[in-house]
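Colleague: The structure's right below; bear with me while I get my questions together.
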Amino acid sequence: MSSPGSLAVRKTRPAAGTTPGTAQGPPPPRRIAVLPTAVLALGALYCLLPVLWVVIASTKSGRELFSTFTFWPGSGFADNLTDLSAYRDGIYWQWMGNSALYAGLGALLSTAVSAVSGYALAIYRFRGRETVFNILMAGVLMPPVILAVPQYLLLAKADLTDSYASVLMPLILSPYGVYLARIYAASAVPGDVVEAGRMDGASEWRIFTRIALPMMVPGLVTVFLCQFVAVWNNFLLPYIMLSDDEKFPITLGLFTLLEQGSNTPALYTLVITGALLAVVPLIALFLVIQRFWSLDLLSGAVKS
Amino acid sequence: MTSARPRRRTSHGVRSAPYAFLLPATLLFALFFALPIGYALWLSLHKVEVEGLGLGKDARREVWAGIGNYTDALTDSELLHGALRVLGYGAIVIPVMLGLALLFALLLDTERVRLTPFTRLAIFLPYAVPGVIAALLWGFLYLQDVSPFFYVLDKLGLPQPDLLDGGPLYLALSNIAVWGGTGFNMIVIYTSLRAIPAEVHEAAKLDGCSQLQIALRIKIPMVAPSLVLTFFFSIIATLQVFSEPTTLKPLTNSVSTTWSPLMKVYQDAFGKGDINSAAATAVIIAVATLVLSFGFLRAANSRTKKEATR
């Protein structure tokens with residue numbers, strides 16, 4: 001399913017001799033630790049169960065859903081897909097597109113802001129540096145709810161609610177992203193290199209874009225992914241901001257579909273098929289990108 | 001100061017550059033963090049006074065309410081019940097989720113364990129599933145008519161509990177959070193386990209420590225900072241639970257519109273249109289979150305400091 005040692009294994013630092021559990025030299029014949037392996041397999045089963053269920057349930061027609069054994073595939077997958085695509089002239093795909101837009105563009109802008117801010121906070125010594133940093137960090141702790149309601153009211157005054165911007169803009173600044181970018185810039189961009197750039201007469205902006213930014217890319221991938229997942233999974237903000245369902249992200253769209261489904265159980269098959277299709281792109285993204293993703297950054301941040 | 005040496009000139013650029021770089025973040029912070037927080041505080045200290053029939057331009061005025069909204073919110077039994085529900089829910093979620101995350105991380109880091117890339121990925125996978133969709137999937141698995149669990153119970157002739165009511169509802173909701181959060185926390189803990197130098201283990205092994213002893217005596221204390229961080233984030237997330245109970249609401253009558261304090265804020269603001277008390281409740285939740293999470297951090301830090309000086 002994946003190459004060994006992809007997720008969370010350090011790539012930048014030498015691993016030899018520091019990686020516990022890695023045999024040095026020719027591996028002696030070893031027994032398998034049965035109990036730990038079994039417990040892990042159980043954990044994996046627990047985590048895959050709902051995904052497995054939704055894969056199978058989405059193959060069932062509405063009648064089969066309530067009548068046949070749960071883990072027995074049905075015969076209606078193609079029909080479900082057609083029904084879902086036909087539902088309200090394909091609004092489902094509109095929701096998917098919206099989510100891709102919110103998460104993609106939002107994460108991109110957020111990563112850009114995190115990159116410049118993190119770089120500035122890591123590289124320069126200037127008055128108020130720690131103050132700026134601490135104030136930004138306080139944002140991590142602000143519950144979204146204390147922000148979302150007044151954000152709604154303020155955006156309503158600017159006549160911006162129920163727009164794409166109302167869901168995009170409040171998420172661009174991610175304190176956590178700034179935090180990660182700062183830590184990564186501090187470890188990945190040597191001060192000497194920046195100084196050398198200055199000696200050569202490069203402007204500060206040029207040093208950042210040409211020298212520092214490429215060095216920060218692995219860390220910024222992490223920032224991008226964290227933010228992408230956060231926006232894709234977001235529910236509260238669009239739930240508050242949007243009333244026009246043409247602008248809904250997939251989470252809110254499926255929620256409203258489920259709400260209607262409680263009156264018309266025929267919609268349940270649509271909800272189930274829709275849930276499956278909504279999970280697929282994120283899982284695919286994870287599988288493809290996990291090898292680039294240094295999650296150790298997350299816990300590396302803890303140690304400092 | 002008036003020297004024309006190039007070094008001076010560059011240092012001017014160096015001095016102003018960080019401020020320019022921080023401009024976008026500062027602007028966004030002012031607009032989408034500071035301003036809303038200030039506005040929420042302002043709202044929470046005001047109330048709407050309606051004159052006459054509430055018609056006409058100046059019939060609705062915002063007047064100073066002092067701490068009235070706060071005393072109302074704090075004495076509101078619905079908020080208290082919501083807080084108690086969330087505390088009960090958190091008392092299940094946090095220990096179970098972090099316990100499992102630690103267990104899985106330690107097992108992944110144990111020698112001679114197989115299937116690790118697969119299980120690590122499988123357990124991490126739910127992190128990619130949005131909370132709403134996770135709640136939706138589990139919601140169906142809790143429904144008697146479609147769930148495999150009930151099918152099995154039925155075949156065995158066992159009683160079929162209603163998972164979406166009373167006590168089981170807490171377990172049902174907690175399960176969703178545990179399912180979604182364990183993998184992420186496991187990865188954070190696992191990564192810091194991998195950072196422990198191998199010599200430490202080897203020394204312990206030469207001294208005759210078993211794998212279990214190494215885990216308990218060496219690994220867990222060494223990953224304490226990661227545990228503190230995962231606790232910290234879990235507390236914040238738990239106090240703000242919103243989308244999971246909201247998603248389960250269409251499937252059952254036992255989730256009220258004010259099940260969690262956050263849902264009450266939403267209900268006050270958009271259901272009843274009373275944004276002033278919604279703001280006051282939101283501020284109370286924010287303060288409670290800060291007090292609880294920082295209280296925890298301080299306690300954890302003094303503990304680890306004490307251990308370090310021992």
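FYI, nothing fancy with the structure tokens labels: chains A, B, ... in order, residues from 1 per chain, ligands from 1 as they appear.
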Mind dumping a table of every chain B residue within 6 Å of chain A, with the nearest atom pair and its distance in Å to one decimal, using only C-alpha atoms, sorted by chain and rising number, as a Markdown table?
Modeller:
| residue | atom | partner | partner_atom | distance |
| --- | --- | --- | --- | --- |
| B:Pro18 | CA | A:Ala120 | CA | 5.0 |
| B:Phe21 | CA | A:Val116 | CA | 5.5 |
| B:Leu22 | CA | A:Ser117 | CA | 5.1 |
| B:Phe32 | CA | A:Pro170 | CA | 5.7 |
| B:Pro36 | CA | A:Pro150 | CA | 5.0 |
| B:Ala40 | CA | A:Pro150 | CA | 5.7 |
| B:Leu107 | CA | A:Pro36 | CA | 5.7 |
| B:Glu111 | CA | A:Gly21 | CA | 5.2 |
| B:Arg112 | CA | A:Ile32 | CA | 5.0 |
| B:Val113 | CA | A:Ala33 | CA | 5.1 |
| B:Arg114 | CA | A:Thr37 | CA | 5.8 |
| B:Pro117 | CA | A:Pro4 | CA | 5.5 |
| B:Thr119 | CA | A:Ala44 | CA | 5.2 |
| B:Ala122 | CA | A:Ala44 | CA | 5.1 |
| B:Ile123 | CA | A:Ala44 | CA | 5.1 |
| B:Ala128 | CA | A:Leu282 | CA | 5.9 |
| B:Pro130 | CA | A:Asn233 | CA | 4.3 |
| B:Asp145 | CA | A:Phe66 | CA | 5.7 |
| B:Val146 | CA | A:Phe66 | CA | 5.6 |
| B:Pro148 | CA | A:Thr70 | CA | 5.3 |
| B:Val188 | CA | A:Ser299 | CA | 5.3 |
| B:Thr191 | CA | A:Asp296 | CA | 5.4 |
| B:Pro197 | CA | A:Thr18 | CA | 5.0 |
| B:Ala198 | CA | A:Pro20 | CA | 4.9 |
| B:Pro250 | CA | A:Glu259 | CA | 5.3 |
| B:Ala282 | CA | A:Ile146 | CA | 5.0 |
| B:Ala286 | CA | A:Pro143 | CA | 5.9 |
Colleague: Put those residues in a file: C-alpha atoms, as an mmCIF file, in the first residue's frame.
Modeller:
data_model
loop_
_atom_site.group_PDB
_atom_site.id
_atom_site.type_symbol
_atom_site.label_atom_id
_atom_site.label_comp_id
_atom_site.auth_asym_id
_atom_site.auth_seq_id
_atom_site.Cartn_x
_atom_site.Cartn_y
_atom_site.Cartn_z
ATOM 1 C CA PRO B 18 10.599 42.196 8.104
ATOM 2 C CA PHE B 21 7.005 40.765 5.002
ATOM 3 C CA LEU B 22 4.693 40.759 7.997
ATOM 4 C CA PHE B 32 -10.352 38.713 10.792
ATOM 5 C CA PRO B 36 -14.186 40.328 15.327
ATOM 6 C CA ALA B 40 -17.769 40.279 20.031
ATOM 7 C CA LEU B 107 3.531 -0.660 19.092
ATOM 8 C CA GLU B 111 10.850 -4.375 17.288
ATOM 9 C CA ARG B 112 9.694 -7.301 15.158
ATOM 10 C CA VAL B 113 6.275 -5.820 14.518
ATOM 11 C CA ARG B 114 4.979 -6.426 11.007
ATOM 12 C CA PRO B 117 3.491 0.871 7.012
ATOM 13 C CA THR B 119 -1.400 -0.101 9.824
ATOM 14 C CA ALA B 122 -4.791 2.932 7.913
ATOM 15 C CA ILE B 123 -4.989 4.396 11.413
ATOM 16 C CA ALA B 128 -8.454 12.858 5.913
ATOM 17 C CA PRO B 130 -14.074 15.577 7.326
ATOM 18 C CA ASP B 145 -31.894 -0.695 9.823
ATOM 19 C CA VAL B 146 -28.564 -0.421 8.061
ATOM 20 C CA PRO B 148 -23.903 -4.491 10.520
ATOM 21 C CA VAL B 188 2.770 13.156 16.455
ATOM 22 C CA THR B 191 7.484 10.835 15.202
ATOM 23 C CA PRO B 197 18.545 8.042 19.921
ATOM 24 C CA ALA B 198 19.070 4.311 19.470
ATOM 25 C CA PRO B 250 -31.157 14.668 11.660
ATOM 26 C CA ALA B 282 -18.979 32.792 22.932
ATOM 27 C CA ALA B 286 -13.321 31.283 24.799
#
Colleague: Give me the residues within 9 Å of stretch 254-266 of chain B as an MDAnalysis selection string, counting only C-alpha atoms and dropping any in the same chain fewer than 3 places off.
Modeller: (chainID A and resid 145 149 240) or (chainID B and resid 78:86 164:166 169 239:243 245:246 248:251 269:271 275 277:282 285)
